[in-house]
>>> print(open('target.cif').read())   # mmCIF, C-alpha atoms
data_work
#
loop_
_atom_site.label_atom_id
_atom_site.label_comp_id
_atom_site.auth_asym_id
_atom_site.auth_seq_id
_atom_site.Cartn_x
_atom_site.Cartn_y
_atom_site.Cartn_z
CA MET C 1 0.00 0.00 0.00
CA ARG C 2 2.77 2.39 0.96
CA ASN C 3 4.57 1.52 -2.22
CA ALA C 4 1.48 2.29 -4.21
CA ILE C 5 1.14 5.71 -2.60
CA GLU C 6 4.81 6.41 -3.18
CA LEU C 7 4.41 5.42 -6.79
CA LEU C 8 1.40 7.72 -7.09
CA LEU C 9 3.35 10.62 -5.59
CA ARG C 10 6.27 10.01 -7.87
CA PHE C 11 4.43 9.54 -11.12
CA GLY C 12 1.17 11.25 -10.21
CA TYR C 13 1.84 14.10 -12.60
CA HIS C 14 2.46 11.77 -15.54
CA LEU C 15 -0.47 9.56 -14.59
CA LEU C 16 -2.72 12.58 -14.37
CA PHE C 17 -1.49 13.68 -17.79
CA ILE C 18 -2.16 10.29 -19.35
CA SER C 19 -5.58 9.93 -17.76
CA MET C 20 -6.55 13.44 -18.85
CA GLU C 21 -5.45 12.77 -22.41
CA PHE C 22 -7.54 9.64 -22.39
CA LEU C 23 -10.47 11.62 -21.07
CA CYS C 24 -9.99 14.19 -23.83
CA PHE C 25 -9.86 11.53 -26.51
CA TYR C 26 -12.94 9.92 -25.06
CA ILE C 27 -14.76 13.24 -25.30
CA ILE C 28 -13.46 13.83 -28.81
CA ILE C 29 -14.54 10.45 -30.07
CA ASN C 30 -17.94 10.62 -28.44
CA TYR C 31 -18.97 14.15 -29.30
CA ASN C 32 -17.33 14.86 -32.64
CA HIS C 33 -18.85 13.34 -35.72
CA GLU C 34 -15.82 13.42 -38.03
CA GLN C 35 -13.33 12.06 -35.52
CA LYS C 36 -15.80 9.39 -34.51
CA THR C 37 -16.09 8.02 -38.03
CA ILE C 38 -12.33 8.05 -38.48
CA PHE C 39 -11.86 6.28 -35.16
CA LEU C 40 -14.43 3.61 -35.95
CA ASN C 41 -12.92 3.09 -39.37
CA SER C 42 -9.39 2.69 -38.04
CA THR C 43 -10.42 0.33 -35.26
CA ASN C 44 -12.32 -1.69 -37.84
CA ILE C 45 -9.22 -1.99 -40.01
CA LEU C 46 -7.11 -2.90 -37.00
CA SER C 47 -9.51 -5.53 -35.73
CA THR C 48 -9.93 -7.13 -39.14
CA SER C 49 -6.18 -7.33 -39.61
CA ILE C 50 -5.76 -8.90 -36.17
CA ASP C 51 -8.61 -11.25 -36.97
CA SER C 52 -7.03 -12.38 -40.19
CA ARG C 53 -3.69 -12.91 -38.46
CA VAL C 54 -5.30 -15.07 -35.79
CA ASP C 55 -7.11 -16.94 -38.52
CA LYS C 56 -3.89 -17.57 -40.40
CA PHE C 57 -2.21 -18.82 -37.25
CA ASN C 58 -5.06 -21.22 -36.54
CA GLN C 59 -4.91 -22.48 -40.09
CA TYR C 60 -1.22 -23.07 -39.62
CA LEU C 61 -1.96 -25.20 -36.57
CA ARG C 62 -4.46 -27.26 -38.54
CA LEU C 63 -2.01 -27.73 -41.41
CA GLU C 64 -0.85 -31.16 -40.34
CA GLN C 65 -4.35 -32.63 -40.24
CA GLU C 66 -5.10 -31.02 -43.55
CA ASN C 67 -1.95 -32.51 -45.03
CA ASP C 68 -2.89 -35.98 -43.84
CA SER C 69 -6.37 -35.76 -45.24
CA LEU C 70 -5.04 -34.49 -48.57
CA HIS C 71 -2.58 -37.34 -48.64
CA LEU C 72 -5.41 -39.85 -48.23
CA GLN C 73 -7.56 -38.09 -50.78
CA ASN C 74 -4.70 -38.14 -53.25
CA ALA C 75 -4.27 -41.88 -52.75
CA ARG C 76 -7.90 -42.39 -53.67
CA LEU C 77 -7.60 -40.13 -56.71
CA ILE C 78 -4.52 -41.88 -58.11
CA GLU C 79 -6.30 -45.18 -57.51
CA LYS C 80 -9.27 -43.95 -59.51
CA PHE C 81 -7.00 -42.73 -62.26
CA ILE C 82 -5.26 -46.10 -62.56
CA ASP C 83 -8.58 -47.93 -62.59
CA TYR C 84 -9.91 -45.57 -65.21
CA ASP C 85 -6.88 -46.15 -67.44
CA LEU C 86 -7.24 -49.88 -67.00
CA ASN C 87 -10.93 -49.85 -67.83
CA ALA C 88 -10.46 -47.57 -70.80
CA SER C 89 -7.91 -49.87 -72.38
CA LEU C 90 -10.15 -52.84 -71.70
CA TYR C 91 -13.16 -51.19 -73.31
CA ALA C 92 -11.05 -50.24 -76.28
CA ASN C 93 -10.14 -53.88 -76.82
CA ASP C 94 -13.75 -54.91 -76.37
CA THR C 95 -13.07 -57.63 -73.87
CA LEU C 96 -14.46 -58.38 -70.47
CA VAL C 97 -14.56 -55.59 -67.92
CA LEU C 98 -12.53 -56.65 -64.93
CA ASP C 99 -13.39 -55.79 -61.39
CA SER C 100 -12.15 -52.22 -61.18
CA SER C 101 -10.66 -52.62 -57.72
CA LYS C 102 -7.63 -54.57 -58.85
CA TYR C 103 -5.30 -51.90 -57.47
CA HIS C 104 -5.56 -50.24 -54.13
CA LEU C 105 -3.36 -47.39 -52.86
CA VAL C 106 -2.35 -46.66 -49.29
CA ALA C 107 -0.83 -43.32 -48.31
CA VAL C 108 2.44 -43.72 -46.41
CA GLU C 109 4.91 -41.18 -45.14
CA ILE C 110 8.65 -41.43 -45.59
CA CYS C 111 10.65 -41.85 -42.37
CA ASN C 112 14.08 -41.76 -43.90
CA SER C 113 15.54 -41.57 -47.37
CA THR C 114 18.73 -41.06 -49.32
CA PHE C 115 19.17 -39.92 -52.90
CA ASN C 116 22.87 -39.17 -53.19
CA LEU C 117 24.42 -42.62 -52.81
CA ARG C 118 25.07 -45.27 -55.44
CA ASP C 119 22.42 -47.56 -53.90
CA ASN C 120 19.61 -45.59 -52.36
CA TYR C 121 16.89 -46.87 -50.04
CA LEU C 122 13.88 -45.32 -48.41
CA THR C 123 12.26 -46.19 -45.10
CA LEU C 124 8.48 -45.94 -44.95
CA CYS C 125 6.55 -45.42 -41.72
CA LYS C 126 4.22 -48.39 -42.21
CA GLY C 127 4.99 -52.07 -42.30
CA SER C 128 3.52 -55.54 -42.32
CA SER C 129 0.95 -54.63 -39.67
CA ASP C 130 -0.64 -52.42 -42.34
CA GLY C 131 -0.51 -55.19 -44.91
CA ILE C 132 2.63 -54.20 -46.76
CA VAL C 133 4.62 -57.13 -48.13
CA PRO C 134 7.81 -57.23 -50.23
CA ASP C 135 7.58 -56.60 -54.00
CA MET C 136 4.91 -53.95 -53.80
CA GLY C 137 5.33 -50.83 -55.90
CA VAL C 138 5.70 -47.39 -54.36
CA VAL C 139 4.70 -44.24 -56.24
CA SER C 140 4.63 -40.56 -55.41
CA GLN C 141 2.24 -37.93 -56.70
CA ASN C 142 3.74 -37.71 -60.18
CA GLY C 143 6.07 -40.62 -60.65
CA ILE C 144 7.44 -43.86 -59.36
CA VAL C 145 9.59 -44.17 -56.24
CA GLY C 146 10.69 -47.77 -55.89
CA ILE C 147 9.85 -51.30 -54.83
CA VAL C 148 9.35 -52.62 -51.28
CA LYS C 149 12.18 -55.00 -50.39
CA LYS C 150 11.87 -55.78 -46.70
CA VAL C 151 9.21 -55.20 -44.07
CA SER C 152 9.09 -55.16 -40.30
CA PRO C 153 5.84 -54.75 -38.34
CA ASN C 154 5.96 -50.93 -38.46
CA PHE C 155 8.48 -50.03 -41.14
CA SER C 156 9.38 -51.09 -44.62
CA ILE C 157 12.49 -50.64 -46.73
CA VAL C 158 12.04 -49.53 -50.30
CA MET C 159 14.66 -49.97 -52.98
CA SER C 160 14.61 -46.64 -54.70
CA ILE C 161 14.70 -46.34 -58.50
CA LEU C 162 18.03 -44.64 -57.77
CA HIS C 163 19.68 -48.02 -57.11
CA SER C 164 22.23 -49.78 -59.28
CA GLN C 165 20.19 -53.00 -59.16
CA SER C 166 16.84 -51.39 -59.84
CA THR C 167 15.21 -52.37 -63.14
CA ILE C 168 11.69 -51.32 -64.00
CA SER C 169 9.83 -52.24 -67.14
CA CYS C 170 8.68 -49.13 -68.97
CA LEU C 171 7.04 -48.07 -72.21
CA ILE C 172 7.35 -45.12 -74.50
CA LYS C 173 3.79 -43.93 -74.47
CA ARG C 174 3.60 -42.82 -78.10
CA ASN C 175 4.35 -46.19 -79.73
CA ASN C 176 4.38 -48.70 -76.86
CA SER C 177 8.03 -49.61 -77.35
CA ASN C 178 9.22 -51.49 -74.35
CA GLY C 179 12.37 -50.78 -72.37
CA THR C 180 14.00 -51.18 -68.98
CA LEU C 181 14.52 -48.24 -66.66
CA THR C 182 17.83 -48.25 -64.79
CA TRP C 183 20.01 -45.70 -63.09
CA LYS C 184 23.52 -45.36 -64.51
CA SER C 185 24.10 -41.63 -64.18
CA THR C 186 25.06 -39.77 -61.04
CA ASN C 187 22.31 -37.19 -61.40
CA PRO C 188 19.29 -38.21 -59.31
CA LYS C 189 16.93 -36.68 -61.86
CA LEU C 190 18.33 -38.51 -64.92
CA LEU C 191 17.59 -42.19 -65.46
CA ASN C 192 18.44 -44.48 -68.36
CA LEU C 193 16.04 -46.41 -70.52
CA GLU C 194 17.71 -49.46 -71.99
CA ALA C 195 16.83 -52.21 -74.42
CA VAL C 196 14.59 -50.14 -76.66
CA PRO C 197 15.12 -51.87 -80.03
CA LYS C 198 16.51 -49.67 -82.79
CA HIS C 199 13.68 -50.32 -85.25
CA LYS C 200 11.33 -48.32 -83.04
CA SER C 201 11.34 -44.57 -83.34
CA VAL C 202 12.16 -42.55 -80.25
CA PHE C 203 12.20 -38.76 -80.09
CA VAL C 204 13.30 -36.28 -77.49
CA GLY C 205 10.29 -35.28 -75.41
CA ASP C 206 8.48 -38.64 -75.60
CA THR C 207 6.68 -39.58 -72.40
CA VAL C 208 7.82 -42.68 -70.55
CA ILE C 209 5.23 -44.65 -68.55
CA THR C 210 5.25 -47.90 -66.64
CA SER C 211 4.39 -50.96 -68.68
CA GLY C 212 2.32 -52.98 -66.23
CA TYR C 213 4.00 -56.21 -67.36
CA SER C 214 4.87 -57.15 -63.80
CA THR C 215 2.65 -57.30 -60.75
CA ILE C 216 4.44 -54.39 -59.16
CA PHE C 217 3.27 -51.29 -61.02
CA PRO C 218 0.03 -50.90 -62.92
CA LYS C 219 0.25 -49.69 -66.50
CA GLY C 220 0.30 -46.00 -67.25
CA ILE C 221 2.00 -44.35 -64.30
CA MET C 222 3.97 -41.36 -65.54
CA VAL C 223 7.72 -41.68 -65.13
CA GLY C 224 9.45 -38.97 -67.12
CA LYS C 225 10.36 -37.46 -70.45
CA VAL C 226 13.02 -38.53 -72.92
CA LYS C 227 15.86 -36.08 -72.68
CA SER C 228 18.35 -37.43 -75.20
CA VAL C 229 18.45 -40.32 -77.65
CA VAL C 230 21.68 -41.77 -79.00
CA LEU C 231 22.08 -44.80 -81.26
CA GLU C 232 25.64 -45.99 -80.82
CA ALA C 233 27.35 -47.76 -83.69
CA GLY C 234 27.11 -51.53 -83.56
CA ASN C 235 24.47 -51.40 -80.90
CA ASN C 236 21.06 -52.94 -81.31
CA SER C 237 19.24 -50.60 -78.93
CA TYR C 238 19.09 -46.94 -78.18
CA THR C 239 20.85 -45.23 -75.32
CA ILE C 240 18.13 -43.04 -73.84
CA GLU C 241 18.25 -40.59 -70.96
CA VAL C 242 14.99 -39.98 -69.12
CA ASP C 243 14.26 -36.83 -67.17
CA LEU C 244 12.06 -37.70 -64.18
CA PHE C 245 8.78 -35.87 -63.61
CA ASN C 246 9.26 -36.01 -59.86
CA ASP C 247 12.34 -34.86 -58.05
CA PRO C 248 13.80 -37.63 -55.84
CA SER C 249 15.24 -35.07 -53.45
CA ALA C 250 11.73 -33.77 -52.82
CA TRP C 251 9.79 -36.97 -52.28
CA ASP C 252 7.60 -36.56 -49.24
CA ALA C 253 4.27 -38.29 -49.65
CA THR C 254 4.26 -41.74 -51.14
CA TYR C 255 1.64 -44.35 -51.92
CA VAL C 256 2.12 -48.09 -51.72
CA ILE C 257 0.27 -50.00 -54.43
CA PHE C 258 -1.62 -53.07 -53.31
CA ASN C 259 -2.26 -55.40 -56.22
CA ASN C 260 -5.13 -57.65 -55.18
CA LEU C 261 -4.44 -60.19 -57.92
CA ALA C 262 -0.65 -60.27 -57.60
CA GLY C 263 -0.62 -63.61 -55.78
CA GLU C 264 -2.78 -65.27 -58.40
CA GLN C 265 -0.69 -64.00 -61.32
CA ARG C 266 2.60 -64.92 -59.68
CA GLY C 267 1.36 -68.34 -58.70
CA LEU C 268 0.34 -69.10 -62.27
CA GLU C 269 3.62 -67.84 -63.70
CA ALA C 270 5.60 -69.83 -61.15
CA SER C 271 3.72 -73.04 -61.97
CA ILE C 272 4.86 -72.80 -65.63
CA THR C 273 8.52 -72.53 -64.72
CA GLU C 274 8.16 -75.41 -62.29
CA ASN C 275 6.66 -77.63 -64.97
CA GLU C 276 9.45 -76.88 -67.33
CA MET I 1 -2.74 21.66 -11.02
CA MET I 2 -1.49 23.05 -14.29
CA LEU I 3 -3.01 20.07 -16.10
CA ILE I 4 -6.43 20.58 -14.55
CA ILE I 5 -6.42 24.28 -15.35
CA ALA I 6 -5.42 23.47 -18.94
CA PHE I 7 -8.16 20.87 -19.19
CA VAL I 8 -10.90 23.18 -17.94
CA PHE I 9 -9.61 26.02 -20.10
CA GLY I 10 -9.52 23.75 -23.14
CA LEU I 11 -13.06 22.61 -22.56
CA MET I 12 -14.19 26.22 -22.33
CA ILE I 13 -12.56 27.06 -25.66
CA ASP I 14 -14.07 23.90 -27.14
CA GLY I 15 -17.45 25.13 -25.95
CA PHE I 16 -17.07 28.16 -28.21
CA TYR I 17 -15.61 26.24 -31.15
CA ASN I 18 -18.16 23.42 -30.90
CA SER I 19 -15.45 20.75 -30.96
CA PRO I 20 -15.55 19.08 -27.51
CA GLY I 21 -12.18 17.77 -26.37
CA VAL I 22 -9.91 18.87 -29.21
CA HIS I 23 -8.52 22.01 -27.60
CA ALA I 24 -8.58 20.32 -24.21
CA ALA I 25 -6.37 17.51 -25.45
CA ALA I 26 -3.89 19.90 -27.08
CA LEU I 27 -3.77 22.19 -24.04
CA VAL I 28 -3.29 19.36 -21.56
CA PHE I 29 -0.44 18.15 -23.71
CA SER I 30 1.10 21.64 -23.79
CA ALA I 31 0.80 21.98 -20.04
CA TYR I 32 2.51 18.65 -19.60
CA ILE I 33 5.28 19.37 -22.09
CA LYS I 34 5.91 22.83 -20.57
CA SER I 35 7.81 21.46 -17.57
CA ILE I 36 9.95 19.34 -19.87
CA ILE I 37 10.77 22.33 -22.09
CA LEU I 38 11.57 24.41 -19.00
CA ARG I 39 13.98 21.73 -17.86
CA PHE I 40 15.44 21.59 -21.35
CA LEU I 41 16.00 25.35 -21.50
CA GLU I 42 17.26 25.66 -17.91
CA PRO I 43 20.12 28.18 -17.59
CA PHE I 44 23.48 26.94 -16.37
CA GLU I 45 23.01 28.20 -12.80
CA GLY I 46 19.35 27.11 -12.57
CA TYR I 47 16.18 29.15 -12.11
CA ASN I 48 15.69 31.67 -9.35
CA THR I 49 12.66 31.25 -7.14
CA ASP I 50 11.05 34.48 -8.38
CA ASP I 51 11.57 33.82 -12.09
CA TYR I 52 8.66 34.14 -14.48
CA PRO I 53 8.74 33.19 -18.14
CA THR I 54 8.69 36.77 -19.44
CA ILE I 55 10.99 38.85 -21.66
CA SER I 56 12.02 41.22 -18.88
CA LYS I 57 13.05 38.39 -16.57
CA MET I 58 14.68 35.86 -18.87
CA GLY I 59 15.71 37.90 -21.92
CA ILE I 60 14.34 37.93 -25.45
CA GLY I 61 16.34 34.92 -26.74
CA TRP I 62 15.20 32.58 -24.01
CA TYR I 63 11.64 33.79 -24.26
CA LEU I 64 11.61 33.34 -28.01
CA SER I 65 12.87 29.73 -27.92
CA PHE I 66 10.55 28.83 -25.05
CA ILE I 67 7.41 30.24 -26.59
CA SER I 68 8.14 29.03 -30.13
CA LEU I 69 8.84 25.44 -29.05
CA LEU I 70 5.68 25.37 -26.98
CA MET I 71 3.60 26.96 -29.72
CA LEU I 72 4.93 24.69 -32.44
CA LEU I 73 4.18 21.55 -30.43
CA HIS I 74 0.80 22.86 -29.41
CA CYS I 75 -0.20 23.66 -32.99
CA PHE I 76 1.01 20.35 -34.22
CA ILE I 77 -0.90 18.39 -31.58
CA TYR I 78 -3.99 20.50 -32.07
CA PHE I 79 -4.17 19.95 -35.82
CA SER I 80 -3.28 16.28 -35.49
CA VAL I 81 -6.11 15.74 -33.07
CA GLU I 82 -8.45 17.74 -35.23
CA ALA I 83 -7.64 15.71 -38.35
CA PHE I 84 -7.41 12.57 -36.20
CA SER I 85 -5.43 10.66 -38.79
CA PHE I 86 -1.90 10.92 -40.15
CA VAL I 87 -3.26 10.31 -43.62
CA TYR I 88 -3.63 14.10 -43.83
CA PHE I 89 -0.07 14.74 -42.81
CA PHE I 90 0.53 17.47 -45.37
CA ASP I 91 -2.55 19.43 -44.26
CA ILE I 92 -1.53 19.10 -40.64
CA PHE I 93 1.92 20.35 -41.47
CA MET I 94 0.75 23.39 -43.45
CA ASN I 95 -1.85 24.32 -40.84
CA THR I 96 0.78 24.05 -38.13
CA ILE I 97 3.26 26.31 -39.93
CA PHE I 98 0.79 29.09 -40.73
CA SER I 99 -0.97 29.19 -37.39
CA PHE I 100 2.42 29.08 -35.73
CA ILE I 101 3.45 32.25 -37.57
CA THR I 102 0.16 34.01 -36.80
CA SER I 103 0.15 33.02 -33.16
CA MET I 104 3.75 34.10 -32.67
CA SER I 105 3.09 37.54 -34.10
CA VAL I 106 -0.01 37.97 -31.94
CA ILE I 107 1.95 36.97 -28.83
CA PHE I 108 4.71 39.45 -29.65
CA LEU I 109 2.30 42.24 -30.31
CA LEU I 110 0.58 41.56 -27.00
CA GLN I 111 3.93 41.52 -25.21
CA LEU I 112 4.91 44.81 -26.81
CA ILE I 113 1.58 46.48 -26.09
CA LEU I 114 1.03 45.27 -22.54
CA ARG I 115 4.66 45.09 -21.33
CA PRO I 116 4.17 43.02 -18.15
CA LYS I 117 6.00 44.60 -15.24
CA TYR I 118 7.27 41.46 -13.49
#
>>> encode(input="target.cif", output="structure tokens")
Amino acid sequence: MRNAIELLLRFGYHLLFISMEFLCFYIIINYNHEQKTIFLNSTNILSTSIDSRVDKFNQYLRLEQENDSLHLQNARLIEKFIDYDLNASLYANDTLVLDSSKYHLVAVEICNSTFNLRDNYLTLCKGSSDGIVPDMGVVSQNGIVGIVKKVSPNFSIVMSILHSQSTISCLIKRNNSNGTLTWKSTNPKLLNLEAVPKHKSVFVGDTVITSGYSTIFPKGIMVGKVKSVVLEAGNNSYTIEVDLFNDPSAWDATYVIFNNLAGEQRGLEASITENE
Amino acid sequence: MMLIIAFVFGLMIDGFYNSPGVHAAALVFSAYIKSIILRFLEPFEGYNTDDYPTISKMGIGWYLSFISLLMLLHCFIYFSVEAFSFVYFFDIFMNTIFSFITSMSVIFLLQLILRPKY
């Protein structure tokens, strides 16, 4: 209490000044038309700007949820797209319409990844407890990522397409010429397409898609664009460089492809080799 | 005490000008800033107890700087409060300059005519 009185004595003059100025402004705002409108206008602007800031901040807090939901939604969309492609080609050939749910995508986040080594692997944050088994394909939003090699209950290791042993069957979209996608360069955005026979025509800018010949990737997933084509002397196939659509250093959201009929197809194929 | 006198005086002027609070705010500010200006302009040996802020006591130079600083600040605050927004900064500035000149000449004329004794 004594302190308060002392404070009042010390700063009473200044306090009186401030309170009187406030009183004056109160009178001004309440009894003058022009100043009142200006005051209301300014406070309106101020409050709306504060409001929008708070709103932005709240949105920022919700960003993670939003991201997750978008991730899931994307999985469903890519799934639809693959099914649509599949059905369209089937209709075009006028054969039976298969059950459209052959492929099923699950959104998975990346826990760990490399892209600057000779043999690159990724670790995904889901494993066998979510149904992931080896030899499943992994794609990102606009391209392929790799193939699942090993799984534990909660994690799975993916052999990236940036791996010296990685081979993926691909097509040139324009004329369906088949080739094998490997990684020979040191640039993580440039891959090589091998074994495209020289009687097929290949131009710079052709789109490369997955072939769907294996059970891993469905047909028609975008991979990249042809960047350069060279036919070396004495060689039976082109040397093609492919520029990836997606940037391996920026992979963040991935989708594991579940092929519901993979077991059936593989079993049948295995039985042939056994018989021989 | 000075602040209260300034406030009441300001309200009275506002009564005539039909602009409640504007003059009061400017005058209260001037009354507050006066002590600071006095401290700022304090002579080397300090004020005497019977000093008054007049020409005859403090000399024309001191009086001039004191009154012009106070008047300039007062005018500036008054027109700022009247416009109530710094969007009109140029208007505030021009108003301040011209009323400063007018007010200063009126003050000097009054000083010359009345010649306060103390």
>>> interface_residues(input="target.cif", of="chain C", to="chain I", cutoff="10 Å", atoms="only C-alpha atoms", output="ChimeraX atom specification")
/C:13-14,16-18,20-39,42
>>> closest_residue(input="target.cif", among="I:Cys75, I:Asp14, I:Gly59, I:Phe9", to="Ser103 (chain I)", atoms="all atoms listed in the file")
I:Cys75
>>> residues_around(input="target.cif", residues="region 249-265 of chain C", least_positions_apart="4", cutoff="6 Å", atoms="only C-alpha atoms", output="list of chain:residue names")
C:Lys102, C:Tyr103, C:His104, C:Leu105, C:Val106, C:Ala107, C:Val108, C:Glu109, C:Gly137, C:Val138, C:Val139, C:Ser140, C:Thr215
>>> closest_residue(input="target.cif", among="I:Leu114, I:Ile97, I:Ile5, I:Leu38", to="Met58 (chain I)", atoms="only C-alpha atoms")
I:Leu38
>>> atom_distance(input="target.cif", atom1="CA of Phe76 (chain I)", atom2="CA of Leu112 (chain I)")
25.9 Å
>>> atom_distance(input="target.cif", atom1="CA of Thr114 (chain C)", atom2="CA of Met159 (chain C)")
10.5 Å
>>> atom_distance(input="target.cif", atom1="CA of Ile77 (chain I)", atom2="CA of Gly15 (chain I)")
18.7 Å
>>> closest_residue(input="target.cif", among="I:Ile113, I:Phe108, I:Phe66, I:Asn95", to="Ser80 (chain I)", atoms="all atoms listed in the file")
I:Asn95
>>> resolve_selection(input="target.cif", expression="the PyMOL selection byres ((chain C and resi 187-191) around 12)", output="VMD selection string")
chain C and resid 114 to 120 143 to 145 160 to 164 166 to 168 170 180 to 186 192 to 194 208 223 to 228 239 to 251
>>> decode(input="target.cif", residues="region 12-32 of chain I", atoms="N, CA and C atoms", output="PDB file, in the first residue's frame")
ATOM      1  N   MET I  12     -13.469  24.956 -22.139  1.00  0.00           N
ATOM      2  CA  MET I  12     -14.186  26.224 -22.335  1.00  0.00           C
ATOM      3  C   MET I  12     -14.020  26.708 -23.775  1.00  0.00           C
ATOM      4  N   ILE I  13     -12.785  26.651 -24.277  1.00  0.00           N
ATOM      5  CA  ILE I  13     -12.562  27.059 -25.665  1.00  0.00           C
ATOM      6  C   ILE I  13     -13.356  26.167 -26.609  1.00  0.00           C
ATOM      7  N   ASP I  14     -13.347  24.859 -26.313  1.00  0.00           N
ATOM      8  CA  ASP I  14     -14.069  23.902 -27.140  1.00  0.00           C
ATOM      9  C   ASP I  14     -15.555  24.230 -27.165  1.00  0.00           C
ATOM     10  N   GLY I  15     -16.052  24.718 -26.014  1.00  0.00           N
ATOM     11  CA  GLY I  15     -17.455  25.126 -25.955  1.00  0.00           C
ATOM     12  C   GLY I  15     -17.763  26.155 -27.015  1.00  0.00           C
ATOM     13  N   PHE I  16     -16.843  27.109 -27.206  1.00  0.00           N
ATOM     14  CA  PHE I  16     -17.070  28.158 -28.209  1.00  0.00           C
ATOM     15  C   PHE I  16     -16.880  27.633 -29.628  1.00  0.00           C
ATOM     16  N   TYR I  17     -15.918  26.734 -29.798  1.00  0.00           N
ATOM     17  CA  TYR I  17     -15.609  26.236 -31.152  1.00  0.00           C
ATOM     18  C   TYR I  17     -16.467  25.035 -31.562  1.00  0.00           C
ATOM     19  N   ASN I  18     -17.297  24.557 -30.619  1.00  0.00           N
ATOM     20  CA  ASN I  18     -18.162  23.418 -30.896  1.00  0.00           C
ATOM     21  C   ASN I  18     -17.359  22.180 -31.343  1.00  0.00           C
ATOM     22  N   SER I  19     -16.247  21.950 -30.636  1.00  0.00           N
ATOM     23  CA  SER I  19     -15.452  20.754 -30.956  1.00  0.00           C
ATOM     24  C   SER I  19     -14.961  20.131 -29.656  1.00  0.00           C
ATOM     25  N   PRO I  20     -15.892  19.525 -28.871  1.00  0.00           N
ATOM     26  CA  PRO I  20     -15.549  19.083 -27.513  1.00  0.00           C
ATOM     27  C   PRO I  20     -14.296  18.224 -27.474  1.00  0.00           C
ATOM     28  N   GLY I  21     -13.324  18.634 -26.647  1.00  0.00           N
ATOM     29  CA  GLY I  21     -12.177  17.771 -26.373  1.00  0.00           C
ATOM     30  C   GLY I  21     -10.937  18.064 -27.172  1.00  0.00           C
ATOM     31  N   VAL I  22     -11.079  18.698 -28.348  1.00  0.00           N
ATOM     32  CA  VAL I  22      -9.907  18.866 -29.211  1.00  0.00           C
ATOM     33  C   VAL I  22      -8.915  19.835 -28.590  1.00  0.00           C
ATOM     34  N   HIS I  23      -9.393  21.033 -28.237  1.00  0.00           N
ATOM     35  CA  HIS I  23      -8.517  22.006 -27.596  1.00  0.00           C
ATOM     36  C   HIS I  23      -8.040  21.515 -26.246  1.00  0.00           C
ATOM     37  N   ALA I  24      -8.946  20.822 -25.547  1.00  0.00           N
ATOM     38  CA  ALA I  24      -8.583  20.322 -24.215  1.00  0.00           C
ATOM     39  C   ALA I  24      -7.393  19.375 -24.326  1.00  0.00           C
ATOM     40  N   ALA I  25      -7.451  18.472 -25.295  1.00  0.00           N
ATOM     41  CA  ALA I  25      -6.365  17.510 -25.451  1.00  0.00           C
ATOM     42  C   ALA I  25      -5.058  18.213 -25.762  1.00  0.00           C
ATOM     43  N   ALA I  26      -5.112  19.189 -26.687  1.00  0.00           N
ATOM     44  CA  ALA I  26      -3.891  19.896 -27.077  1.00  0.00           C
ATOM     45  C   ALA I  26      -3.342  20.706 -25.913  1.00  0.00           C
ATOM     46  N   LEU I  27      -4.229  21.342 -25.151  1.00  0.00           N
ATOM     47  CA  LEU I  27      -3.771  22.186 -24.040  1.00  0.00           C
ATOM     48  C   LEU I  27      -3.192  21.360 -22.904  1.00  0.00           C
ATOM     49  N   VAL I  28      -3.817  20.230 -22.618  1.00  0.00           N
ATOM     50  CA  VAL I  28      -3.291  19.355 -21.563  1.00  0.00           C
ATOM     51  C   VAL I  28      -1.898  18.884 -21.950  1.00  0.00           C
ATOM     52  N   PHE I  29      -1.764  18.583 -23.243  1.00  0.00           N
ATOM     53  CA  PHE I  29      -0.444  18.152 -23.708  1.00  0.00           C
ATOM     54  C   PHE I  29       0.577  19.281 -23.537  1.00  0.00           C
ATOM     55  N   SER I  30       0.176  20.502 -23.915  1.00  0.00           N
ATOM     56  CA  SER I  30       1.098  21.645 -23.795  1.00  0.00           C
ATOM     57  C   SER I  30       1.501  21.875 -22.353  1.00  0.00           C
ATOM     58  N   ALA I  31       0.513  21.758 -21.451  1.00  0.00           N
ATOM     59  CA  ALA I  31       0.798  21.979 -20.035  1.00  0.00           C
ATOM     60  C   ALA I  31       1.780  20.936 -19.526  1.00  0.00           C
ATOM     61  N   TYR I  32       1.616  19.722 -20.041  1.00  0.00           N
ATOM     62  CA  TYR I  32       2.508  18.646 -19.602  1.00  0.00           C
ATOM     63  C   TYR I  32       3.918  18.873 -20.143  1.00  0.00           C
TER      64      TYR I  32
END
